[in-house]
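Peer 1: Have a look at this one before I ask anything.
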Amino acid sequence: MSQPTHITALGLPIPDRHQLPEEVQKYFGKCDKKLGMVPNVLTAYSQNMAQFEVFTRFYNELMFGDSELTPLEREMIAVVVSSENHCYYCLTAHGAAVREYSENPVLGELMVMNYRVAELDGRQRAMLDFAHKLTVTPAEIGESDRQTLRDAGFSERGIWDIANIAGFYNMTNRVASAVDMQPNPEYHGRFR
């Protein structure tokens, strides 16, 4: 599949892969092996190694680190936040991940369009309602919202993880939208 004409709307000095530090070249090699591509967000961050290292470390901890949240639930949060923020990059990339982890292309599309119409269990519904509210009206989050998550079975650490994942994607959505970051074309056809 062809690459987009640009990764972002900015004229960032994106280095060629061979110009990157050896550990970053290895990391990109792992992406190629696992995903068949290097996500454009990583390519964009590669122009600033300090930001790249912080971004990838935080992303990997949130999305793959120890947590009571499943990989699917983490991706569902990413998509619900990105849907509310209309972030084309993240909806495309994380919508594909929901399709992959759920093995259900319909669920992936429902998450992108309107998570409220998807068949979800009570735990997932509470988690996504919290992530949505944190995105839309963060100043209105209160103890009753946290208690709803506890009642749905989440621990204090689980609530922390939900808040951090939702907060992370609110940040990345804004960066991606601000610079017109384009998703890799490969995401569009994945796991359909």
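Residues in the structure tokens are named by chain (A, B, ... in the order shown) and by number from 1 within that chain; ligands are numbered from 1 in the order shown.
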At a cut-off of 8 Å, using only C-alpha atoms, what residues contact stretch 161-177 of chain A? Leave out same-chain residues fewer than 6 positions from it and give the result as a tab-separated table (two decimals) with N, CA and C atoms, in the first residue's frame.

Peer 2:
chain	number	residue	atom	x	y	z
A	62	LEU	N	1.50	2.13	29.40
A	62	LEU	CA	0.04	2.24	29.48
A	62	LEU	C	-0.67	1.11	28.73
A	63	MET	N	-0.19	0.81	27.55
A	63	MET	CA	-0.92	-0.12	26.69
A	63	MET	C	-0.52	-1.58	26.87
A	67	SER	N	-1.55	-4.48	34.28
A	67	SER	CA	-2.81	-3.80	34.58
A	67	SER	C	-3.93	-4.82	34.59
A	69	LEU	N	-6.67	-4.08	33.27
A	69	LEU	CA	-7.34	-3.82	32.00
A	69	LEU	C	-6.73	-4.71	30.92
A	74	ARG	N	-8.04	-1.40	26.88
A	74	ARG	CA	-7.18	-0.22	26.73
A	74	ARG	C	-7.40	0.42	25.35
A	77	ILE	N	-10.72	2.29	25.21
A	77	ILE	CA	-10.60	3.64	25.79
A	77	ILE	C	-9.99	4.59	24.77
A	78	ALA	N	-8.92	4.15	24.12
A	78	ALA	CA	-8.27	5.00	23.11
A	78	ALA	C	-9.26	5.41	22.03
A	81	VAL	N	-12.13	7.93	23.41
A	81	VAL	CA	-11.56	9.27	23.56
A	81	VAL	C	-11.33	9.89	22.18
A	82	SER	N	-10.75	9.13	21.28
A	82	SER	CA	-10.43	9.64	19.94
A	82	SER	C	-11.68	9.95	19.13
A	85	ASN	N	-12.93	13.26	20.25
A	85	ASN	CA	-12.01	14.31	19.78
A	85	ASN	C	-11.88	14.36	18.26
A	87	CYS	N	-10.27	12.49	16.21
A	87	CYS	CA	-8.87	12.35	15.82
A	87	CYS	C	-8.75	11.25	14.77
A	88	TYR	N	-8.56	11.66	13.53
A	88	TYR	CA	-8.48	10.73	12.41
A	88	TYR	C	-7.37	9.70	12.59
A	89	TYR	N	-6.18	10.16	12.99
A	89	TYR	CA	-5.06	9.23	13.15
A	89	TYR	C	-5.41	8.14	14.16
A	90	CYS	N	-5.81	8.54	15.36
A	90	CYS	CA	-6.03	7.56	16.43
A	90	CYS	C	-7.26	6.70	16.18
A	127	MET	N	-16.44	1.76	32.33
A	127	MET	CA	-15.09	2.23	31.99
A	127	MET	C	-15.15	3.26	30.86
A	131	ALA	N	-14.29	7.29	30.74
A	131	ALA	CA	-13.32	7.85	29.79
A	131	ALA	C	-13.96	8.96	28.95
A	134	LEU	N	-14.45	12.02	31.19
A	134	LEU	CA	-13.16	12.64	31.43
A	134	LEU	C	-12.68	13.44	30.22
A	135	THR	N	-13.08	13.00	29.04
A	135	THR	CA	-12.72	13.70	27.80
A	135	THR	C	-13.56	14.96	27.59

Peer 1: Report the residues of stretch 10-87 of chain A whose backbone DSSP state falls under helix (DSSP H, G or I), written as a VMD selection string.

Peer 2: chain A and resid 17 to 19 22 to 35 40 to 45 49 to 64 71 to 85

Peer 1: Skipping near chain neighbours, those fewer than 4 positions away, what residues fall within 6 Å of stretch 93-110 of chain A using only C-alpha atoms, listed as a list in words?

Peer 2: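 Once the adjacent positions are removed, what remains is Leu72, Glu75, Val79, Asn114, Tyr115, Ala118, Tyr187, Arg190, Phe191 and Arg192 of chain A.
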
Peer 1: One decimal, Å: what's the distance from atom CA of A:Pro183 over to atom CA of A:Met113, could you say?

Peer 2: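 Separation of atom CA of A:Pro183 and atom CA of A:Met113: 17.7 Å.
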
Peer 1: Pick out the residues sitting within 8 Å of A:Leu128, and hand them over as a compact mmCIF listing (two decimals) with C-alpha atoms, in the first residue's frame; count only C-alpha atoms, and ignore anything fewer than 2 positions along from it in its own chain.

Peer 2:
# COMPACT_ATOMS: atom_id res chain seq x y z
CA MET A 76 -11.46 0.68 23.55
CA ILE A 77 -10.60 3.64 25.79
CA VAL A 80 -13.79 6.32 22.68
CA TYR A 115 -19.66 3.11 21.68
CA GLN A 124 -16.73 -2.05 29.92
CA ARG A 125 -19.69 0.33 29.76
CA ALA A 126 -18.73 1.95 33.09
CA PHE A 130 -15.86 7.38 32.61
CA ALA A 131 -13.32 7.85 29.79
CA HIS A 132 -15.92 9.74 27.76
